[in-house]
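Notes to accompany the following structure.
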Amino acid sequence: MRQLLAAALFAALLSPAQAATPAELFDFWIGDWIVTWQNANGSPGRAHNRVGKILDGQVIEENFEGDPASAPRLLGRSLSVLDKAGVWRQAWADNQGGFFALTGSSIGETRIFATDFKPVGEQLNGQRMRFYDIKPDSFNWDWEGSNDGGKTWALLWRLHYQRARS
């Protein structure tokens with residue numbers, strides 16, 4: 001009985017990110033989110049991001065809508081899927097000409113979507129998004145860049161996600 005109680009307590013302490021199976025790795029992201037950040041000039045940024053499952057629950061669809069008062073307003077969409085080889089893939093496109101093909105992974109409780117590295121002169125450039133501090137109603141998201149093949153990463157954009165209240 002003690003072992004059963006201890007196992008139940010341990011399972012209750014696991015965050016949703018820790019307990020995720022490969023198919024559920026990005027399920028924490030599902031929902032309606034208010035997204036905030038600080039712009040380079042110090043002004044606040046704000047967006048709404050609606051993330052849901054489509055296509056018989058096999059694909060995660062993201063609909064990112066920057067605040068209409070922002071200039072330029074960022075509108076973007078992504079589709080993420082666990083492919084038949086068991087690898088998460090994401091395609092992102094936006095109204096500013098951005099397109100990224102990314103591969104998903106996890107390191108501990110951190111979830112990552114990253115581009116492939118591409119040689120540019122003497123550099124090996126890549127970008128990634130990191131989801132971390134994942135809680136039921138919030139998480140943080142960093143967009144990072146590397147020019148040394150991933151040995152070091154520089155923060156390019158930090159967003160805070162808070163679940164929207166209905």
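Residues are referred to by chain and number: the chain letter is A, B, ... according to the order shown in the structure tokens, the number counts from 1 in that chain, and ligands are numbered separately from 1 in the order shown.
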* To do: Would you mind listing what lies within 7 Å of stretch 30-37 of chain A as a VMD selection string, with only C-alpha atoms counted and same-chain residues fewer than 5 positions away left out?
  => chain A and resid 44 to 52 158 to 164
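All residues of protein, DNA or RNA that reach within 9 Å of stretch 125-136 of chain A, judged by only C-alpha atoms and not counting those fewer than 6 positions away in the chain, are Ser15, Pro16, Ala17, Phe28, Leu102, Glu109, Thr110, Arg111, Ile112, Phe113, Ala114, Thr115, Asp116, Phe117, Lys118, Pro119, Asp142, Trp143, Glu144, Gly145, Ser146, Asn147, Asp148, Gly149, Gly150, Trp153 and Arg163 of chain A.
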* Asked: What residues in chain A get the DSSP label strand (DSSP E or B)? Please answer as a PyMOL selection string.
  -> chain A and resi 31-38+44-54+59-66+75-82+88-94+99-107+110-114+118-120+123-135+138-146+148+154-163
* To do: For each of A:Arg77, A:Lys84, A:Arg165, A:Lys53, take the minimum atom-to-atom distance to A:Glu24, counting only C-alpha atoms, then give the residue where this is smallest.
  => A:Lys53
* From the list A:Val81, A:Leu74, A:Ala101, A:Ala23, which residue is nearest A:Glu61 when using only C-alpha atoms? -> A:Val81
* Asked: What is the atom CA of A:Leu55-atom CA of A:Leu82 distance in Å, reported with one decimal?
  -> 12.4 Å
* To do: Would you please work out which residue, of A:Asn140, A:Gln58, A:Thr152, A:Ser70, is nearest to A:Leu124 when using only C-alpha atoms?
  => A:Thr152
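When only C-alpha atoms are used to compute distances to A:Gly86, the closest of the residues A:Asn39, A:Asn63, A:Ser138, A:Ser105 turns out to be A:Ser105.
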* Could you check which of A:Val59, A:Leu25, A:Ile54, A:Trp141 is closest to A:Asp83, using only C-alpha atoms? => A:Val59
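Every residue of chain A with a DSSP assignment of alpha helix (DSSP H), taken from the backbone, is listed as Arg2, Gln3, Leu4, Leu5, Ala6, Ala7, Ala8, Leu9, Phe10, Ala11, Ala12 and Leu13 of chain A.
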